$ cat coords12.txt   # compact mmCIF, C-alpha atoms
# COMPACT_ATOMS: atom_id res chain seq x y z
CA MET B 817 -174.94 -141.65 -280.74
CA SER B 818 -174.59 -142.63 -277.11
CA ASP B 819 -177.58 -143.34 -274.95
CA PRO B 820 -178.48 -140.31 -272.74
CA LEU B 821 -178.95 -142.75 -269.85
CA ASP B 822 -175.23 -143.61 -270.01
CA LEU B 823 -174.39 -139.93 -269.80
CA ILE B 824 -176.80 -139.33 -266.91
CA LEU B 825 -175.35 -142.22 -264.95
CA ARG B 826 -171.72 -141.23 -265.56
CA GLN B 827 -172.53 -137.66 -264.50
CA SER B 828 -174.02 -138.94 -261.26
CA ARG B 829 -170.99 -140.57 -259.67
CA PRO B 830 -171.58 -140.36 -255.93
CA VAL B 831 -169.21 -138.09 -254.04
CA PRO B 832 -168.03 -139.92 -250.92
CA PRO B 833 -168.47 -138.04 -247.65
CA VAL B 834 -165.26 -136.97 -245.96
CA PRO B 835 -164.38 -139.84 -243.62
CA SER B 836 -164.08 -139.00 -239.95
CA GLY B 837 -160.64 -138.48 -238.48
CA GLU B 838 -161.26 -141.55 -236.36
CA THR B 839 -161.97 -143.66 -239.46
CA VAL B 840 -158.79 -142.51 -241.16
CA ALA B 841 -156.74 -142.98 -238.00
CA ARG B 842 -158.06 -146.51 -237.57
CA ALA B 843 -157.27 -147.40 -241.18
CA ARG B 844 -153.83 -145.80 -240.98
CA ALA B 845 -153.09 -147.69 -237.79
CA ALA B 846 -154.10 -150.95 -239.47
CA ALA B 847 -151.95 -150.19 -242.51
CA LEU B 848 -148.91 -149.28 -240.46
CA TYR B 849 -149.35 -152.30 -238.27
CA VAL B 850 -149.54 -154.68 -241.24
CA ALA B 851 -146.48 -152.98 -242.77
CA SER B 852 -144.61 -153.23 -239.49
CA ARG B 853 -144.81 -157.01 -239.75
CA PHE B 854 -142.58 -156.86 -242.86
CA ARG B 855 -139.85 -155.45 -240.73
CA ARG B 856 -140.30 -158.13 -238.12
CA ALA B 857 -140.55 -160.88 -240.74
CA ARG B 858 -137.46 -159.60 -242.49
CA ARG B 859 -135.61 -159.46 -239.23
CA ILE B 860 -136.54 -163.05 -238.47
CA ARG B 861 -135.75 -164.19 -242.02
CA VAL B 862 -132.27 -162.74 -242.18
CA GLY B 863 -131.56 -163.45 -238.53
CA LEU B 864 -130.27 -159.97 -237.95
CA VAL B 865 -127.35 -159.76 -235.59
CA LEU B 866 -128.38 -156.26 -234.77
CA ALA B 867 -131.98 -155.30 -234.24
CA ALA B 868 -133.75 -152.51 -236.04
CA THR B 869 -135.92 -150.01 -234.26
CA GLY B 870 -139.60 -150.80 -234.09
CA LEU B 871 -142.41 -149.04 -235.87
CA CYS B 872 -144.33 -147.07 -233.31
CA GLY B 873 -143.22 -149.34 -230.56
CA LEU B 874 -144.78 -152.50 -231.89
CA LEU B 875 -141.76 -154.42 -232.99
CA ILE B 876 -138.78 -154.46 -230.76
CA SER B 877 -138.14 -153.85 -227.20
CA PRO B 878 -135.03 -152.79 -225.41
CA VAL B 879 -135.28 -154.24 -221.93
CA GLY B 880 -133.18 -152.17 -219.61
CA ILE B 881 -131.10 -150.55 -222.32
CA GLY B 882 -133.94 -148.34 -223.54
CA GLY B 883 -134.67 -147.26 -220.01
CA GLU B 884 -131.07 -146.23 -219.47
CA LEU B 885 -130.92 -144.24 -222.69
CA GLY B 886 -134.29 -142.71 -221.92
CA LYS B 887 -132.94 -141.32 -218.68
CA LEU B 888 -129.90 -139.86 -220.43
CA LEU B 889 -131.98 -137.90 -222.94
CA SER B 890 -130.95 -134.27 -222.89
CA GLY B 891 -130.94 -131.30 -225.25
CA THR B 892 -132.67 -128.04 -226.09
CA PRO B 893 -136.39 -128.24 -225.19
CA ALA B 894 -138.64 -128.75 -228.21
CA PRO B 895 -141.07 -125.99 -229.23
CA GLU B 896 -144.84 -126.47 -228.97
CA PRO B 897 -145.45 -127.74 -232.57
CA ILE B 898 -142.88 -130.48 -232.04
CA GLN B 899 -144.43 -131.41 -228.71
CA GLN B 900 -147.84 -131.58 -230.41
CA SER B 901 -146.48 -133.91 -233.07
CA PHE B 902 -145.43 -136.27 -230.27
CA VAL B 903 -148.94 -136.01 -228.83
CA GLY B 904 -150.30 -137.04 -232.26
CA LEU B 905 -147.81 -139.87 -232.49
CA ASP B 906 -148.91 -141.07 -229.08
CA LYS B 907 -152.54 -141.26 -230.24
CA THR B 908 -151.58 -143.18 -233.39
CA ARG B 909 -149.49 -145.57 -231.37
CA ALA B 910 -152.32 -146.17 -228.91
CA SER B 911 -154.66 -146.83 -231.88
CA MET B 912 -152.20 -149.28 -233.41
CA LEU B 913 -151.80 -151.21 -230.21
CA ALA B 914 -155.56 -151.27 -229.69
CA TYR B 915 -156.05 -152.45 -233.27
CA ALA B 916 -153.47 -155.18 -232.90
CA ALA B 917 -154.96 -156.35 -229.61
CA ALA B 918 -158.47 -156.36 -231.08
CA ALA B 919 -157.19 -158.32 -234.08
CA GLY B 920 -155.78 -160.93 -231.73
CA HIS B 921 -152.11 -160.31 -232.53
CA GLU B 922 -149.76 -161.28 -229.79
CA LEU B 923 -147.57 -158.34 -228.90
CA HIS B 924 -144.35 -158.18 -226.97
CA ASP B 925 -144.69 -154.44 -226.57
CA ARG B 926 -146.83 -152.54 -224.16
CA TYR B 927 -148.14 -149.04 -224.58
CA SER B 928 -146.37 -146.38 -222.59
CA LYS B 929 -147.39 -142.75 -222.92
CA VAL B 930 -145.00 -140.29 -224.54
CA ILE B 931 -143.95 -137.40 -222.29
CA ALA B 932 -144.36 -134.81 -225.02
CA ASP B 933 -143.38 -131.81 -222.93
CA ALA B 934 -140.00 -133.44 -222.25
CA ALA B 935 -139.15 -133.56 -225.97
CA VAL B 936 -135.71 -132.23 -226.88
CA HIS B 937 -133.66 -131.43 -229.95
CA VAL B 938 -131.04 -134.16 -230.44
CA THR B 939 -129.16 -133.35 -233.63
CA SER B 940 -129.33 -131.67 -237.05
CA ILE B 941 -127.79 -132.40 -240.42
CA GLY B 942 -127.64 -130.49 -243.67
CA THR B 943 -128.47 -132.28 -246.93
CA VAL B 944 -128.30 -131.07 -250.53
CA ASP B 945 -132.07 -130.52 -250.30
CA GLY B 946 -132.18 -128.82 -246.91
CA PRO B 947 -131.81 -129.40 -243.18
CA VAL B 948 -133.11 -132.32 -241.18
CA ASP B 949 -133.65 -132.27 -237.41
CA LEU B 950 -134.01 -135.11 -234.98
CA TRP B 951 -136.23 -134.57 -231.94
CA ALA B 952 -136.77 -137.15 -229.21
CA ALA B 953 -139.13 -137.56 -226.27
CA PRO B 954 -139.08 -140.12 -223.47
CA THR B 955 -141.96 -142.44 -222.72
CA GLU B 956 -143.25 -143.03 -219.22
CA ASP B 957 -141.47 -146.38 -219.02
CA GLY B 958 -138.10 -144.84 -219.98
CA HIS B 959 -138.00 -145.60 -223.72
CA GLN B 960 -138.00 -143.07 -226.54
CA CYS B 961 -140.06 -141.78 -229.41
CA TRP B 962 -138.47 -139.58 -232.04
CA LEU B 963 -139.35 -137.35 -234.94
CA ILE B 964 -137.02 -136.91 -237.88
CA GLN B 965 -138.23 -133.58 -239.18
CA THR B 966 -137.71 -133.09 -242.89
CA GLY B 967 -139.85 -129.99 -243.31
CA THR B 968 -142.78 -127.91 -242.13
CA GLY B 969 -146.24 -128.00 -243.72
CA LYS B 970 -146.82 -124.83 -245.74
CA VAL B 971 -150.49 -124.67 -244.79
CA SER B 972 -150.57 -126.39 -241.41
CA GLY B 973 -147.26 -125.04 -240.14
CA GLN B 974 -146.82 -128.42 -238.48
CA PRO B 975 -143.55 -130.36 -238.62
CA SER B 976 -143.41 -133.17 -241.15
CA GLY B 977 -141.17 -136.21 -241.33
CA LEU B 978 -140.92 -139.63 -239.79
CA SER B 979 -142.17 -140.35 -236.27
CA THR B 980 -141.32 -143.60 -234.55
CA CYS B 981 -141.27 -145.10 -231.08
CA GLU B 982 -139.09 -147.93 -229.90
CA GLY B 983 -140.68 -150.92 -228.25
CA THR B 984 -140.38 -152.64 -224.94
CA GLY B 985 -139.06 -156.09 -225.90
CA PRO B 986 -135.49 -157.37 -226.35
CA VAL B 987 -133.09 -155.63 -228.76
CA HIS B 988 -129.49 -155.87 -229.85
CA SER B 989 -127.13 -153.01 -230.58
CA ILE B 990 -128.11 -151.17 -233.75
CA GLY B 991 -131.45 -150.26 -235.26
CA PHE B 992 -131.22 -149.06 -238.88
CA ASP B 993 -133.79 -147.26 -241.00
CA SER B 994 -133.69 -145.17 -244.14
CA PHE B 995 -136.46 -143.30 -245.90
CA TRP B 996 -137.27 -140.96 -248.72
CA THR B 997 -139.64 -138.00 -248.64
CA ASP B 998 -140.83 -135.73 -251.42
CA GLU B 999 -139.69 -132.74 -249.37
CA LEU B 1000 -136.08 -133.84 -249.89
CA PRO B 1001 -136.35 -135.56 -253.26
CA ASP B 1002 -132.66 -136.10 -254.01
CA VAL B 1003 -131.69 -137.84 -250.80
CA ASP B 1004 -132.54 -140.75 -248.54
CA ILE B 1005 -132.37 -139.97 -244.84
CA VAL B 1006 -130.49 -142.54 -242.80
CA HIS B 1007 -131.19 -142.99 -239.10
CA VAL B 1008 -129.37 -145.37 -236.80
CA ARG B 1009 -130.54 -145.98 -233.26
CA LEU B 1010 -127.83 -147.31 -230.96
CA TYR B 1011 -128.54 -149.50 -227.95
CA GLU B 1012 -124.90 -149.84 -226.97
CA ASP B 1013 -123.43 -147.01 -224.89
CA ARG B 1014 -119.87 -147.59 -226.16
CA ILE B 1015 -120.73 -146.71 -229.76
CA VAL B 1016 -119.66 -143.15 -230.60
CA GLN B 1017 -119.48 -143.42 -234.38
CA VAL B 1018 -121.36 -145.33 -237.07
CA ASP B 1019 -119.67 -146.12 -240.39
CA LEU B 1020 -121.99 -146.82 -243.31
CA THR B 1021 -121.07 -148.91 -246.35
CA VAL B 1022 -122.94 -147.36 -249.25
CA GLU B 1023 -123.72 -148.94 -252.60
CA ARG B 1024 -123.80 -146.50 -255.56
CA GLY B 1025 -122.49 -143.72 -253.30
CA GLN B 1026 -119.72 -142.71 -250.94
CA ASP B 1027 -119.34 -144.43 -247.59
CA ARG B 1028 -120.25 -142.23 -244.62
CA SER B 1029 -119.25 -141.83 -240.98
CA LEU B 1030 -121.90 -140.50 -238.61
CA PRO B 1031 -121.36 -139.22 -235.08
CA VAL B 1032 -123.61 -140.53 -232.33
CA THR B 1033 -125.66 -138.13 -230.19
CA GLU B 1034 -127.90 -139.36 -227.39
CA GLY B 1035 -127.99 -142.83 -228.93
CA HIS B 1036 -128.88 -141.59 -232.42
CA ALA B 1037 -126.87 -141.18 -235.62
CA LEU B 1038 -128.43 -139.20 -238.45
CA GLY B 1039 -127.16 -138.86 -242.02
CA TRP B 1040 -128.11 -138.86 -245.66
CA ILE B 1041 -127.12 -140.55 -248.90
CA PRO B 1042 -128.08 -139.77 -252.52
CA HIS B 1043 -131.52 -141.09 -253.42
CA ALA B 1044 -130.06 -143.60 -255.89
CA ALA B 1045 -127.66 -145.01 -253.29
CA ARG B 1046 -128.31 -147.71 -250.72
CA VAL B 1047 -126.78 -148.53 -247.36
CA VAL B 1048 -125.71 -152.17 -247.37
CA GLY B 1049 -123.97 -152.30 -244.01
CA ALA B 1050 -123.13 -150.39 -240.87
CA VAL B 1051 -120.67 -150.80 -238.04
CA GLY B 1052 -120.69 -149.10 -234.68
CA ARG B 1053 -117.27 -148.10 -233.30
CA ASP B 1054 -116.16 -147.18 -229.80
CA VAL B 1055 -113.82 -144.30 -228.86
CA ASP B 1056 -110.81 -146.43 -229.84
CA GLY B 1057 -112.24 -147.13 -233.27
CA GLU B 1058 -112.97 -150.74 -232.41
CA VAL B 1059 -116.05 -152.28 -234.00
CA VAL B 1060 -118.56 -153.18 -231.30
CA ALA B 1061 -121.64 -153.86 -233.43
CA ARG B 1062 -122.51 -154.62 -237.03
CA TRP B 1063 -125.61 -154.39 -239.19
CA SER B 1064 -126.04 -155.75 -242.70
CA ALA B 1065 -128.88 -155.19 -245.16
CA SER B 1066 -128.48 -158.75 -246.39
CA GLY B 1067 -128.27 -160.21 -242.94
CA VAL Y 1472 -143.08 -144.31 -261.36
CA GLU Y 1473 -139.56 -144.51 -260.01
CA ASP Y 1474 -140.64 -142.91 -256.76
CA LEU Y 1475 -143.57 -145.30 -256.45
CA ARG Y 1476 -141.29 -148.24 -257.11
CA HIS Y 1477 -138.88 -146.94 -254.50
CA THR Y 1478 -141.68 -146.37 -251.97
CA VAL Y 1479 -143.08 -149.87 -252.48
CA GLU Y 1480 -139.62 -151.37 -252.14
CA LEU Y 1481 -139.07 -149.49 -248.89
CA VAL Y 1482 -142.43 -150.69 -247.56
CA ARG Y 1483 -141.42 -154.25 -248.38
CA ARG Y 1484 -138.19 -153.66 -246.48
CA GLY Y 1485 -140.12 -152.38 -243.48
CA SER Y 1486 -139.77 -148.59 -243.71
CA ALA Y 1487 -142.34 -146.88 -241.51
CA ALA Y 1488 -142.12 -143.61 -243.46
CA ALA Y 1489 -142.69 -145.37 -246.77
CA ALA Y 1490 -145.69 -147.21 -245.29
CA ASP Y 1491 -147.16 -143.90 -244.23
CA ALA Y 1492 -146.56 -142.44 -247.70
CA LEU Y 1493 -148.16 -145.48 -249.32
CA PHE Y 1494 -151.18 -145.16 -247.03
CA ALA Y 1495 -151.59 -141.53 -248.11
CA LEU Y 1496 -151.56 -142.65 -251.76
CA CYS Y 1497 -153.94 -145.57 -251.30
CA TRP Y 1498 -156.49 -144.29 -248.82
CA PRO Y 1499 -158.40 -141.89 -251.14
CA VAL Y 1500 -158.69 -144.64 -253.77
CA VAL Y 1501 -159.84 -147.18 -251.21
CA TRP Y 1502 -162.38 -144.87 -249.57
CA LYS Y 1503 -163.89 -143.74 -252.87
CA ALA Y 1504 -164.26 -147.30 -254.17
CA ALA Y 1505 -165.63 -148.56 -250.85
CA TYR Y 1506 -168.26 -145.83 -250.67
CA THR Y 1507 -169.19 -146.09 -254.34
CA ILE Y 1508 -169.81 -149.83 -254.03
CA THR Y 1509 -171.58 -149.87 -250.67
CA GLY Y 1510 -173.36 -146.51 -250.89
CA ASN Y 1511 -173.29 -146.34 -247.11
CA PRO Y 1512 -170.66 -144.64 -244.90
CA GLY Y 1513 -170.79 -147.35 -242.22
CA LEU Y 1514 -170.32 -150.21 -244.67
CA ALA Y 1515 -167.74 -148.16 -246.56
CA GLU Y 1516 -165.74 -147.84 -243.38
CA ASP Y 1517 -165.76 -151.62 -242.86
CA ALA Y 1518 -164.84 -152.21 -246.49
CA ALA Y 1519 -162.11 -149.58 -246.53
CA GLN Y 1520 -160.58 -150.99 -243.37
CA ASP Y 1521 -160.55 -154.51 -244.87
CA ALA Y 1522 -159.20 -153.16 -248.12
CA ILE Y 1523 -156.33 -151.19 -246.66
CA GLU Y 1524 -155.23 -154.24 -244.68
CA ARG Y 1525 -155.36 -156.35 -247.85
CA VAL Y 1526 -153.37 -153.73 -249.79
CA PHE Y 1527 -150.56 -153.75 -247.26
CA SER Y 1528 -150.68 -157.52 -246.75
CA ARG Y 1529 -150.33 -158.05 -250.49
CA ILE Y 1530 -147.87 -155.28 -251.31
CA ARG Y 1531 -145.16 -157.85 -251.90
CA THR Y 1532 -147.17 -159.25 -254.80
CA PHE Y 1533 -147.69 -155.85 -256.44
CA ASP Y 1534 -145.82 -155.41 -259.73
CA SER Y 1535 -144.38 -151.93 -259.22
CA SER Y 1536 -143.79 -151.46 -262.94
CA ARG Y 1537 -147.58 -151.18 -263.26
CA PRO Y 1538 -149.85 -148.37 -262.02
CA LEU Y 1539 -150.79 -148.58 -258.36
CA GLU Y 1540 -154.28 -147.11 -258.49
CA PRO Y 1541 -156.09 -149.83 -260.51
CA TRP Y 1542 -154.52 -152.51 -258.32
CA VAL Y 1543 -155.60 -150.77 -255.12
CA ARG Y 1544 -159.06 -150.01 -256.50
CA ARG Y 1545 -159.60 -153.63 -257.47
CA ILE Y 1546 -158.68 -154.76 -253.95
CA ALA Y 1547 -161.05 -152.18 -252.48
CA VAL Y 1548 -163.86 -153.23 -254.81
CA ASN Y 1549 -163.41 -156.88 -253.85
CA ALA Y 1550 -163.41 -155.95 -250.15
CA ALA Y 1551 -166.56 -153.85 -250.61
CA VAL Y 1552 -168.32 -156.65 -252.49
CA ASP Y 1553 -167.39 -159.04 -249.67
CA VAL Y 1554 -168.80 -156.61 -247.11
CA LEU Y 1555 -172.04 -156.34 -249.07
CA ARG Y 1556 -172.30 -160.11 -249.30
CA ARG Y 1557 -171.70 -160.45 -245.57
CA GLU Y 1558 -174.24 -157.72 -244.91
CA ARG Y 1559 -176.79 -159.48 -247.11
CA ARG Y 1560 -176.78 -162.32 -244.60
CA GLN Y 1561 -177.56 -159.92 -241.74
CA PRO Y 1562 -181.08 -158.65 -241.02
CA VAL Y 1563 -181.37 -154.95 -241.88
CA SER Y 1564 -183.12 -152.83 -239.31
CA ILE Y 1565 -185.77 -150.32 -240.32
CA ALA Y 1566 -183.57 -147.52 -239.03
CA GLN Y 1567 -180.64 -148.67 -241.20
CA ALA Y 1568 -182.84 -148.89 -244.29
CA GLU Y 1569 -184.22 -145.41 -243.68
CA ASP Y 1570 -180.71 -144.04 -243.15
CA SER Y 1571 -179.57 -145.53 -246.42
CA GLN Y 1572 -182.50 -144.07 -248.37
CA SER Y 1573 -182.06 -140.70 -246.76
CA GLU Y 1574 -178.35 -140.63 -247.68
CA ALA Y 1575 -179.19 -141.60 -251.26
CA ALA Y 1576 -181.83 -138.90 -251.50
CA GLU Y 1577 -179.23 -136.33 -250.55
CA GLY Y 1578 -177.19 -137.42 -253.58
CA GLY Y 1579 -179.92 -136.48 -256.06
CA VAL Y 1580 -182.61 -138.11 -258.14
CA VAL Y 1581 -180.27 -140.39 -260.09
CA THR Y 1582 -178.42 -141.62 -257.01
CA GLU Y 1583 -181.77 -142.19 -255.34
CA ALA Y 1584 -183.01 -144.20 -258.31
CA VAL Y 1585 -179.84 -146.31 -258.26
CA ALA Y 1586 -180.17 -146.82 -254.51
CA ALA Y 1587 -183.71 -148.11 -255.02
CA LEU Y 1588 -182.48 -150.95 -257.27
CA THR Y 1589 -181.85 -154.38 -255.84
CA GLU Y 1590 -178.32 -154.72 -254.48
CA GLU Y 1591 -177.22 -156.94 -257.37
CA LYS Y 1592 -178.37 -154.40 -259.94
CA ARG Y 1593 -177.02 -151.44 -258.01
CA LEU Y 1594 -173.64 -153.16 -257.82
CA VAL Y 1595 -173.28 -153.62 -261.58
CA ILE Y 1596 -174.35 -150.02 -262.19
CA ALA Y 1597 -171.78 -148.75 -259.68
CA LEU Y 1598 -169.01 -150.92 -261.07
CA HIS Y 1599 -169.75 -150.09 -264.70
CA TYR Y 1600 -170.70 -146.42 -264.62
CA TRP Y 1601 -168.98 -145.09 -261.55
CA LEU Y 1602 -165.80 -147.17 -261.41
CA ASP Y 1603 -165.48 -147.73 -265.17
CA TYR Y 1604 -165.18 -151.51 -265.20
CA SER Y 1605 -166.11 -153.39 -268.36
CA ILE Y 1606 -168.73 -156.15 -268.27
CA GLU Y 1607 -165.94 -158.75 -268.55
CA GLN Y 1608 -164.08 -157.20 -265.61
CA ILE Y 1609 -167.28 -157.08 -263.53
CA ALA Y 1610 -167.90 -160.74 -264.30
CA ARG Y 1611 -164.42 -161.57 -262.98
CA ILE Y 1612 -164.92 -159.42 -259.86
CA LEU Y 1613 -168.28 -161.01 -259.04
CA GLY Y 1614 -167.29 -164.52 -260.15
CA GLU Y 1615 -170.28 -164.76 -262.46
CA PRO Y 1616 -170.70 -165.49 -266.19
CA VAL Y 1617 -170.38 -162.50 -268.54
CA GLY Y 1618 -173.87 -163.19 -269.91
CA THR Y 1619 -175.39 -163.03 -266.42
CA VAL Y 1620 -173.72 -159.69 -265.70
CA ALA Y 1621 -174.70 -158.27 -269.10
CA ALA Y 1622 -178.32 -159.31 -268.57
CA ARG Y 1623 -178.38 -157.82 -265.08
CA LEU Y 1624 -176.90 -154.56 -266.32
CA SER Y 1625 -179.49 -154.45 -269.07
CA ARG Y 1626 -182.33 -155.00 -266.61
CA ALA Y 1627 -180.91 -152.39 -264.24
CA ARG Y 1628 -180.66 -149.87 -267.09
CA ALA Y 1629 -184.24 -150.55 -268.16
CA GLU Y 1630 -185.49 -150.05 -264.63
CA LEU Y 1631 -183.52 -146.84 -264.22
CA ARG Y 1632 -184.65 -145.52 -267.59
CA SER Y 1633 -188.24 -146.02 -266.59
CA ARG Y 1634 -187.84 -144.35 -263.21
CA LEU Y 1635 -185.85 -141.41 -264.53
CA GLU Y 1636 -188.22 -140.81 -267.44
CA GLU Y 1637 -191.06 -140.61 -264.94
CA GLN Y 1638 -189.16 -137.80 -263.31
CA HIS Y 1639 -188.10 -136.16 -266.60
CA VAL Y 1640 -184.38 -136.43 -265.82
CA ARG Y 1641 -182.12 -135.29 -268.69
CA PRO Y 1642 -178.30 -135.22 -269.00
CA ALA Y 1643 -176.69 -132.01 -267.75

$ encode --input "coords12.txt" --output "structure tokens"
Amino acid sequence: MSDPLDLILRQSRPVPPVPSGETVARARAAALYVASRFRRARRIRVGLVLAATGLCGLLISPVGIGGELGKLLSGTPAPEPIQQSFVGLDKTRASMLAYAAAAGHELHDRYSKVIADAAVHVTSIGTVDGPVDLWAAPTEDGHQCWLIQTGTGKVSGQPSGLSTCEGTGPVHSIGFDSFWTDELPDVDIVHVRLYEDRIVQVDLTVERGQDRSLPVTEGHALGWIPHAARVVGAVGRDVDGEVVARWSASG
Amino acid sequence: VEDLRHTVELVRRGSAAAADALFALCWPVVWKAAYTITGNPGLAEDAAQDAIERVFSRIRTFDSSRPLEPWVRRIAVNAAVDVLRRERRQPVSIAQAEDSQSEAAEGGVVTEAVAALTEEKRLVIALHYWLDYSIEQIARILGEPVGTVAARLSRARAELRSRLEEQHVRPA
């Protein structure tokens, strides 16, 4: 027979208090910052010809180019919930930069506030699991933040998906990212950020799936591949079909 | 498992969305372990912050064919133990001590009795009864001989038994 003391103790597990929003935000910022270094390390390791977009503005930095594209941003104005998601992204980004500075990390990028009320709808795609929308907002220094919306919270009614800001340091021509979300379980969303005005089409080489061609809108190309597939390379083409930039997963 | 493996792989490749998803999976585990070990929201915050940084720093070493939660919990426990050890070297103010006792009292008679133990005894109780680690696992976490941990657990149990019997506490 077990000792009643064991039972008493096991029944008395302390219930942690709900952490403050500030605590969670600080921890999330730290986690995302640490994870963002993988992208930078990978970029350095493989010596990417074409730079990827930065996580919340910490990684890469389009000098000049970003400013130009920022000015060209146009589209249907974003509704209030989308604007609010950019406000939230702005706070997270500020926290991340503050965390990194406090931790003594040397940063190329500088914080620049998102102009949330200037957010616009850039493009939409349909996937086998549902639609995906790309929204973008300029920052005060002429760069961009964007939200790839993969759904809307059933309880909160807030948009869900991936939010990112580009940085303020040097970049090349193509930034590539892909991600999976449980809202669209059968697909990976592919996003390509172009920092070369001549690129009007992005061709993806896909492993375990069909190759894709994506049109470019306002410096963004959005697409999807089956969840089991993987993009191994991308080329950016101009209006004549000439390749002006390349990206490779293997470097 | 496949989705976890995929998420971890994407984090290793630098995906921001995957990192956010991984944070959402890890944070509740980290926070619970940090609070359970430290018994104090302020120290738990320090420990959880350290732990989440360690989790992401070490994600490349995680074997994604194994469950994530025990790996994350172990990192959080180690971070919390480190925070306690650091804290032990700091003078505790009267206000902090009173805060800690008041928080424990809110958790009930048993939690209060555990909180009144020395830190070393409280730690083995928390690890064994609240986070389900075996004596051998606790010995590895604390870097102490199994016999030392077993003896400390035994002394902690005896002390708790005495206190709880005084207050006629019975299992629910």

$ atom_distance --input "coords12.txt" --atom1 "atom CA of Gly977 of chain B" --atom2 "atom CA of Thr997 of chain B"
7.7 Å

$ residues_around --input "coords12.txt" --residues "Cys961 of chain B" --least-positions-apart "4" --cutoff "8 Å" --atoms "all atoms listed in the file" --output "list of chain:residue names"
B:Cys872, B:Phe902, B:Val930, B:Ala952, B:Ala953, B:Pro954, B:Thr955, B:Ser979, B:Thr980, B:Cys981, B:Glu982

$ atom_distance --input "coords12.txt" --atom1 "atom CA of Val1595 of chain Y" --atom2 "atom CA of Glu1540 of chain Y"
20.3 Å

$ residues_near_point --input "coords12.txt" --point "(-135.4, -129.4, -233.0)" --cutoff "8 Å" --atoms "only C-alpha atoms" --output "list in words"
Thr892, Pro893, Ala894, Pro895, Ile898, Val936, His937, Val938, Thr939, Ser940, Asp949, Leu950, Trp951 and Gln965 of chain B

$ write_last_selection --input "coords12.txt" --atoms "C-alpha atoms" --output "PDB file, in the coordinates of the input"
ATOM      1  CA  THR B 892    -132.670-128.040-226.090  1.00  0.00           C
ATOM      2  CA  PRO B 893    -136.390-128.240-225.190  1.00  0.00           C
ATOM      3  CA  ALA B 894    -138.640-128.750-228.210  1.00  0.00           C
ATOM      4  CA  PRO B 895    -141.070-125.990-229.230  1.00  0.00           C
ATOM      5  CA  ILE B 898    -142.880-130.480-232.040  1.00  0.00           C
ATOM      6  CA  VAL B 936    -135.710-132.230-226.880  1.00  0.00           C
ATOM      7  CA  HIS B 937    -133.660-131.430-229.950  1.00  0.00           C
ATOM      8  CA  VAL B 938    -131.040-134.160-230.440  1.00  0.00           C
ATOM      9  CA  THR B 939    -129.160-133.350-233.630  1.00  0.00           C
ATOM     10  CA  SER B 940    -129.330-131.670-237.050  1.00  0.00           C
ATOM     11  CA  ASP B 949    -133.650-132.270-237.410  1.00  0.00           C
ATOM     12  CA  LEU B 950    -134.010-135.110-234.980  1.00  0.00           C
ATOM     13  CA  TRP B 951    -136.230-134.570-231.940  1.00  0.00           C
ATOM     14  CA  GLN B 965    -138.230-133.580-239.180  1.00  0.00           C
TER      15      GLN B 965
END

$ residues_around --input "coords12.txt" --residues "Arg1559 of chain Y" --least-positions-apart "3" --cutoff "12 Å" --atoms "all atoms listed in the file" --output "number ranges by chain"
Y: 1509, 1514, 1552-1556, 1562-1563, 1589-1591

$ atom_distance --input "coords12.txt" --atom1 "atom CA of Arg1611 of chain Y" --atom2 "atom CA of Thr1532 of chain Y"
19.2 Å

$ axis_aligned_box --input "coords12.txt" --around "segment 890-905 of chain B" --padding-each-side "8 Å" --output "AutoDock Vina command-line options"
--center_x -140.6 --center_y -132.9 --center_z -228.0 --size_x 35.4 --size_y 29.9 --size_z 26.2

$ closest_residue --input "coords12.txt" --among "B:Glu1058, B:Asp1002, B:Asp933, B:Asp819" --to "Ala1045 of chain B" --atoms "all atoms listed in the file"
B:Asp1002

$ residues_around --input "coords12.txt" --residues "segment 1608-1610 of chain Y" --least-positions-apart "5" --cutoff "8 Å" --atoms "only C-alpha atoms" --output "PyMOL selection string"
chain Y and resi 1595+1598-1599+1615-1617+1620

$ residues_around --input "coords12.txt" --residues "Asp1056 of chain B" --least-positions-apart "3" --cutoff "12 Å" --atoms "only C-alpha atoms" --output "PyMOL selection string"
chain B and resi 1014-1017+1052-1053+1059-1060

$ build_atoms --input "coords12.txt" --residues "segment 962-966 of chain B" --atoms "N, CA, C and O atoms" --output "PDB file, in the frame of the given file"
ATOM      1  N   TRP B 962    -139.210-140.657-231.399  1.00  0.00           N
ATOM      2  CA  TRP B 962    -138.470-139.580-232.040  1.00  0.00           C
ATOM      3  C   TRP B 962    -139.139-139.140-233.335  1.00  0.00           C
ATOM      4  O   TRP B 962    -139.916-139.884-233.926  1.00  0.00           O
ATOM      5  N   LEU B 963    -138.843-137.939-233.696  1.00  0.00           N
ATOM      6  CA  LEU B 963    -139.350-137.350-234.940  1.00  0.00           C
ATOM      7  C   LEU B 963    -138.163-136.884-235.755  1.00  0.00           C
ATOM      8  O   LEU B 963    -137.346-136.097-235.269  1.00  0.00           O
ATOM      9  N   ILE B 964    -138.040-137.398-236.960  1.00  0.00           N
ATOM     10  CA  ILE B 964    -137.020-136.910-237.880  1.00  0.00           C
ATOM     11  C   ILE B 964    -137.721-135.900-238.778  1.00  0.00           C
ATOM     12  O   ILE B 964    -138.500-136.271-239.662  1.00  0.00           O
ATOM     13  N   GLN B 965    -137.487-134.640-238.497  1.00  0.00           N
ATOM     14  CA  GLN B 965    -138.230-133.580-239.180  1.00  0.00           C
ATOM     15  C   GLN B 965    -137.537-133.205-240.483  1.00  0.00           C
ATOM     16  O   GLN B 965    -136.398-132.745-240.487  1.00  0.00           O
ATOM     17  N   THR B 966    -138.280-133.401-241.577  1.00  0.00           N
ATOM     18  CA  THR B 966    -137.710-133.090-242.890  1.00  0.00           C
ATOM     19  C   THR B 966    -138.305-131.820-243.482  1.00  0.00           C
ATOM     20  O   THR B 966    -137.915-131.399-244.561  1.00  0.00           O
TER      21      THR B 966
END
